[in-house]
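Asks: What follows is a structure written as structure tokens; I'll ask about it next.
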Number of protein chains: 2
Amino acid sequence: MNPITTNNIDQYEGKTVTLSGWLVHKRSSGKVRFLVVRDGTGIAQVTLVKAEMDEEHFERYHSLTLESSLMVTGIVKKDDRAPGGYEILASQLNILQIAEEYPIAEKEHGVGFLLDHRHLWLRSSKQHAVLRVRHTVIQTARRFFDDRGFILLDAPIMTPVACEGTTTLFETDYFEEQKAYLSQSGQLYMEAGAMAFRKVYCCGPTFRAEKSKTRRHLTEFWMIEPEVAFAGLPDIMELAESLIVTIVKEVLSSNREDLRTLERDVSKLEMIESPFESISYDRAVRILRNEGVPFERGNDFGGGDETLISDQFEKPVFIHRYPASSKPFYMKNDPEKSSVVLCMDLLAPEGYGEIIGGSAREEDVELLSQKLSNAGLSPEAFSWYLDLRKYGSVPHAGFGMGIERTVAWICGIPHVRETIPFPRLLQRLYP
Amino acid sequence: MNPITTNNIDQYEGKTVTLSGWLVHKRSSGKVRFLVVRDGTGIAQVTLVKAEMDEEHFERYHSLTLESSLMVTGIVKKDDRAPGGYEILASQLNILQIAEEYPIAEKEHGVGFLLDHRHLWLRSSKQHAVLRVRHTVIQTARRFFDDRGFILLDAPIMTPVACEGTTTLFETDYFEEQKAYLSQSGQLYMEAGAMAFRKVYCCGPTFRAEKSKTRRHLTEFWMIEPEVAFAGLPDIMELAESLIVTIVKEVLSSNREDLRTLERDVSKLEMIESPFESISYDRAVRILRNEGVPFERGNDFGGGDETLISDQFEKPVFIHRYPASSKPFYMKNDPEKSSVVLCMDLLAPEGYGEIIGGSAREEDVELLSQKLSNAGLSPEAFSWYLDLRKYGSVPHAGFGMGIERTVAWICGIPHVRETIPFPRLLQRLYP
């Protein structure tokens, strides 16, 4: 693998190198011709001077089309005017392949067209920036848990039963007459893991067959889900806050250039420090009513509600203790007020909605069986899950962080569809 | 979260602590009683001395059953005879929950029974060891690529077409009248990524609906798949070798205790150093024939064949340049011998079979279209993939490493089913 790339070109100043990449742009001013070349790690300017190279190589300039692949040999020179800060004064220009007319021109394209060409759209600088931030977010989140002694315990994707309702499940035949459902969350499995390893996490794709076409929904998205034995709601709120602060700091440090490409207002990220505010569901309802929303107590918040609430805060804000009726069966009721559950959602600022949701889990086998029945679920199907309460039940709690929503917020882009390499949406399964 | 755990108990010597966990074992010798407690991170001995504690607490000993959850307060003392090397001289013993009769006794159970109770089996020391090694393998592999400038680019799970054949695909309805297939490999998407970012990798679950019941097959397993632009077969062989050496070294350093639990012969791992041997398919066939196997040239190797070949070597061995007819359409033919493709499989030692498979990819659009047609696949379905050859095609290569087979080999356990938290097998979708 050729060791020289545009992101380490500064180490080769004054040396003769061979750079390989793709043409982004070209222009000519007679005897001097310029190529802007991207190599996947950044861009560099290549300068072709007629007197400095074979005419055959110099004339290859003409056949180069946008995104053609090439190799250029020449001397690296520092040039502050050049895109990337360096230029290569070429002695040879070799063409690998002349690209057909590139479909993504510099003009504006509709997002449908761009998504149809996602395999090519990935080459653009904005998509590079977003996906590099995504890489940092996932890497940092994993390391956060690794560094704290959590064991990675991948949850299964194909599962025999639904975790949260059955209407939004993708289903597949599993050999003879069995059905498998694509996982919506690894949580239940992480609870088994927490009873074995104390602190565990999973990070993988999850699936929701929701017919919603909002800017916050993908049918396939990634979650990281820690689960902790001998922990309660305050513990996981502290953990979630620390995770978000750590991720934002790391992106600010590792992805400055990407945030600049995205024209992100970094001052909004620089203020993401502990502590976050934490409000009860009841107070969130009052906020909505003060804003004139006729919100009915007992419901869960919609996307618009979340935006109105988070607009009251500059940092992410926790909402805790939702009505039990609005939340799944596995959440533990507040011993001090049994109509609410010991749960929390973390809303990102700037209207990005819920990025984390978690709770303490019901640990009493009788109460849990009752809650399963109340939710219309069969205790038989969950017998292994009930086992966790029969054999050494302990208080435990956990949460899930949605990777793509977190990336969308940090990048400041309005729709989650650009925050995953190949988005899957209601009407989008290609490429 | 309680900061003291058995894996940091040495920092609390002489101090009064509260340890929370589950009962593994108990025994009594009159006025002194012993508990062995696991807390998810390890084990510690708890000593109950009648004179040192309330009688009520002392007598709670009797009600404790295997896997009951408890909290014990006492002074940490070093004791080399104690399992874990420390004991807690208890002043208080509080029971959280008395476990029902624990199904997994110390006697031998059949593997079917253990898999039915996988959610509990995870608590055993051997399963701990295996899954901790798995964590190290995945973490090290990810960091290996992160450190080398690869961008993490998660491949989609739900895909519109099959990558390698259609008979072994799980299928799901994707909203109105569409079908989605669960991914068997992220490779094709990584190729798009390599054209955008130069060096990319994905790490995620992959699916094969194979009706095979071998010790090397799961229907759901994890792969890490790097793809590199401007790279050829020798480059990715070097990369694969370096990856395996790095992983083995890290496990030897981080998981010594786990390898001891597994009674792994670490001398076999300690010899895993560069360089690995590399043999052609032709030489592999000769090895088989010398062993008396009537192997038919042109076929792919079966599990038994792989074992016979790898038994000739102490380290992992590459087999390169298989007949084109035995390999998928996307592999590049050897320009020096067009009947073979520029591919490699890496066989683990000790009969663990293929752990890595990779190749240079066909970069010419005409040849690739031809290969698609020859494979009975429709070029239309792969039009986005063909685009990668129309718009700046470059030489590129990549491979996939199967996580679970690698873990099985490093742990020295015969069946992959124990190398993933919740295995999915032909007749196993529960829990």
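Chain labels run A, B, ... following the order of the structure tokens; each chain numbers its residues from 1, and ligands are numbered from 1 in the order shown.
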Show me, as a compact mmCIF listing (two decimals) with N, CA, C and O atoms, in the first residue's frame, every residue of chain B with an atom at most 6 Å from chain A, counting only C-alpha atoms.
Replies:
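This went into out-v9.txt:
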```txt
# COMPACT_ATOMS: atom_id res chain seq x y z
N MET B 1 -23.06 3.42 41.57
CA MET B 1 -22.50 2.09 41.37
C MET B 1 -21.42 1.85 42.41
O MET B 1 -20.50 2.64 42.55
N GLY B 40 -19.35 -10.79 39.07
CA GLY B 40 -19.34 -10.47 37.64
C GLY B 40 -17.95 -10.16 37.13
O GLY B 40 -17.66 -10.32 35.94
N GLU B 67 -26.53 -19.09 43.60
CA GLU B 67 -26.92 -17.94 42.75
C GLU B 67 -27.85 -16.95 43.45
O GLU B 67 -28.35 -16.02 42.82
N SER B 68 -28.06 -17.12 44.76
CA SER B 68 -28.79 -16.07 45.47
C SER B 68 -27.97 -14.79 45.44
O SER B 68 -26.74 -14.81 45.44
N SER B 69 -28.66 -13.67 45.41
CA SER B 69 -27.96 -12.37 45.37
C SER B 69 -27.88 -11.81 46.78
O SER B 69 -28.81 -11.95 47.58
N GLN B 97 -32.05 -11.58 47.18
CA GLN B 97 -33.08 -12.52 46.72
C GLN B 97 -32.57 -13.94 46.86
O GLN B 97 -31.42 -14.23 46.51
N ALA B 99 -32.42 -17.42 45.51
CA ALA B 99 -32.66 -18.03 44.20
C ALA B 99 -33.44 -19.33 44.34
O ALA B 99 -33.21 -20.10 45.27
N GLU B 100 -34.33 -19.56 43.40
CA GLU B 100 -34.95 -20.88 43.28
C GLU B 100 -33.85 -21.89 42.95
O GLU B 100 -32.73 -21.52 42.63
N HIS B 119 -28.93 -17.98 28.96
CA HIS B 119 -29.02 -16.74 29.76
C HIS B 119 -28.45 -16.95 31.16
O HIS B 119 -28.06 -16.00 31.82
N LEU B 122 -24.23 -18.28 30.84
CA LEU B 122 -23.28 -17.17 30.72
C LEU B 122 -22.56 -16.86 32.03
O LEU B 122 -21.52 -16.21 32.04
N ARG B 123 -23.14 -17.30 33.15
CA ARG B 123 -22.55 -16.96 34.45
C ARG B 123 -21.37 -17.86 34.81
O ARG B 123 -20.67 -17.59 35.78
N HIS B 135 -14.33 -10.31 23.52
CA HIS B 135 -14.27 -8.85 23.67
C HIS B 135 -12.90 -8.34 23.23
O HIS B 135 -12.79 -7.39 22.44
N LEU B 152 -14.39 3.55 9.82
CA LEU B 152 -15.47 2.60 10.09
C LEU B 152 -16.68 3.00 9.25
O LEU B 152 -17.18 4.12 9.35
N PRO B 156 -24.92 -1.98 5.40
CA PRO B 156 -26.33 -2.24 5.75
C PRO B 156 -26.56 -3.73 5.98
O PRO B 156 -25.86 -4.57 5.40
N GLU B 171 -34.78 -13.88 4.36
CA GLU B 171 -35.55 -12.91 3.58
C GLU B 171 -36.61 -12.29 4.47
O GLU B 171 -37.18 -12.97 5.31
N THR B 172 -36.88 -11.01 4.28
CA THR B 172 -37.97 -10.38 5.03
C THR B 172 -38.76 -9.46 4.11
O THR B 172 -38.21 -8.92 3.14
N ALA B 192 -17.48 0.31 -2.31
CA ALA B 192 -17.92 1.70 -2.53
C ALA B 192 -17.21 2.62 -1.54
O ALA B 192 -16.79 3.73 -1.90
N ALA B 196 -14.28 5.93 -1.82
CA ALA B 196 -14.56 7.24 -1.21
C ALA B 196 -13.50 7.61 -0.17
O ALA B 196 -13.04 8.73 -0.11
N PHE B 197 -13.14 6.62 0.68
CA PHE B 197 -12.27 6.91 1.83
C PHE B 197 -10.91 6.22 1.76
O PHE B 197 -10.14 6.29 2.70
N ARG B 198 -10.67 5.46 0.70
CA ARG B 198 -9.41 4.74 0.50
C ARG B 198 -9.30 3.48 1.34
O ARG B 198 -9.07 2.41 0.81
N ALA B 231 -4.68 -1.27 -3.57
CA ALA B 231 -4.00 -2.39 -2.90
C ALA B 231 -4.25 -3.65 -3.70
O ALA B 231 -5.24 -3.78 -4.42
N LYS B 390 -17.08 2.32 -13.30
CA LYS B 390 -17.26 3.30 -14.38
C LYS B 390 -16.70 4.66 -14.00
O LYS B 390 -16.37 5.46 -14.85
N TYR B 391 -16.67 4.92 -12.71
CA TYR B 391 -16.29 6.25 -12.24
C TYR B 391 -15.03 6.18 -11.41
O TYR B 391 -15.05 6.18 -10.19
N GLY B 392 -13.89 6.07 -12.09
CA GLY B 392 -12.61 6.08 -11.39
C GLY B 392 -12.26 4.75 -10.77
O GLY B 392 -11.91 4.67 -9.59
N SER B 393 -12.33 3.69 -11.57
CA SER B 393 -11.97 2.36 -11.06
C SER B 393 -10.50 2.31 -10.69
O SER B 393 -9.65 2.89 -11.39
N PHE B 422 -25.26 -15.27 22.35
CA PHE B 422 -26.51 -15.99 22.14
C PHE B 422 -26.50 -16.63 20.76
O PHE B 422 -26.96 -16.02 19.79
```
Asks: Please return, as a VMD selection string, all residues of stretch 72-299 of chain B that DSSP assigns to alpha helix (DSSP H) on the basis of the backbone.
Replies: chain B and resid 111 to 116 118 to 121 125 to 147 187 to 197 233 to 254 256 to 261 266 to 270 281 to 290
Asks: Run DSSP on the backbone and tell me which residues of stretch 201-282 of chain B come out as strand (DSSP E); list them as a ChimeraX atom specification.
Replies: /B:201-207,220-229,277-280
Asks: Counting only C-alpha atoms, what is within 10 Å of B:Gln45, bar same-chain residues fewer than 3 positions away, as a list in words?
Replies: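 Returned residues: Thr6, Val24, His25, Lys26, Phe34, Leu35, Val36, Val37, Arg38, Leu48, Val76, Lys77, Asp79, Arg81, Ala82, Pro83, Gly84, Gly85, Tyr86, Glu87, Ile88 and Leu89 of chain B.
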Asks: Need to verify the contact set: B:Ser359, 7 Å, only C-alpha atoms, exclusion of same-chain residues closer than 2 positions in sequence. Can you return it as a list in words?
Replies: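 Counting only C-alpha atoms, the residues come to Leu233, Met331, Leu342, Cys343, Met344, Arg361, Ala397, Gly398 and Phe399 of chain B.
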Asks: Within 7 Å of A:Ile75, counting only C-alpha atoms, which residues show up once you throw out same-chain ones fewer than 6 positions away? Write them as a compact mmCIF listing (two decimals) with C-alpha atoms, in the first residue's frame, please.
Replies:
```
# COMPACT_ATOMS: atom_id res chain seq x y z
CA GLY A 14 10.93 18.27 -1.02
CA LYS A 15 10.72 14.58 -1.84
CA THR A 16 9.58 12.84 -4.99
CA VAL A 17 6.43 10.84 -4.35
CA ILE A 88 2.93 18.22 -6.18
CA LEU A 89 4.98 19.51 -9.06
CA ALA A 90 4.41 16.63 -11.42
```
Asks: Measuring atom to atom with only C-alpha atoms, identify which of A:Thr73, A:Asn374, A:Ser212, A:Thr307 is nearest to A:Ala284.
Replies: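 Among the listed residues, the smallest separation from A:Ala284 belongs to A:Thr307.
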Asks: Residues within 10 Å of B:Glu263, please, as an MDAnalysis selection string. Count only C-alpha atoms; anything in the same chain fewer than 5 positions from it doesn't count.
Replies: chainID B and resid 126 257:258 411:413
Asks: Can you work out the spacing between atom CA of A:Leu386 and atom CA of B:Thr419 in Å, to one decimal?
Replies: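 So the two atoms, atom CA of A:Leu386 and atom CA of B:Thr419, lie 24.3 Å apart.
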Asks: Each residue of stretch 239-302 of chain A with at least one atom at most 6 Å from stretch 313-319 of chain A should appear once, together with its nearest atom pair and the corresponding distance in Å (one decimal); atoms considered: only C-alpha atoms; ordering: chain, then increasing residue number; output as a Markdown table.
Replies:
```
| residue | atom | partner | partner_atom | distance |
| --- | --- | --- | --- | --- |
| A:Ile272 | CA | A:Lys315 | CA | 5.8 |
| A:Phe276 | CA | A:Val317 | CA | 5.8 |
| A:Glu277 | CA | A:Val317 | CA | 5.1 |
| A:Ser278 | CA | A:Phe318 | CA | 4.4 |
| A:Ile279 | CA | A:Ile319 | CA | 5.0 |
| A:Ser280 | CA | A:Ile319 | CA | 5.3 |
| A:Tyr281 | CA | A:Ile319 | CA | 5.7 |
```
Asks: Measuring between only C-alpha atoms, which one of A:Ser254, A:Glu296, A:Arg216, A:Gly304 shows the shortest distance to A:Pro414?
Replies: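 So, comparing all the options, the nearest one is A:Arg216.
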Asks: Do you have the atom CA of A:Lys327-atom CA of A:Asp300 distance handy?
Replies: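 Taking atom CA of A:Lys327 and atom CA of A:Asp300, their separation equals 8.0 Å.
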Asks: Can you work out which one of A:Asn290, A:Ser28, A:Ser91, A:Thr246 has the shortest atom-to-atom distance to A:Leu269, counting only C-alpha atoms?
Replies: A:Thr246
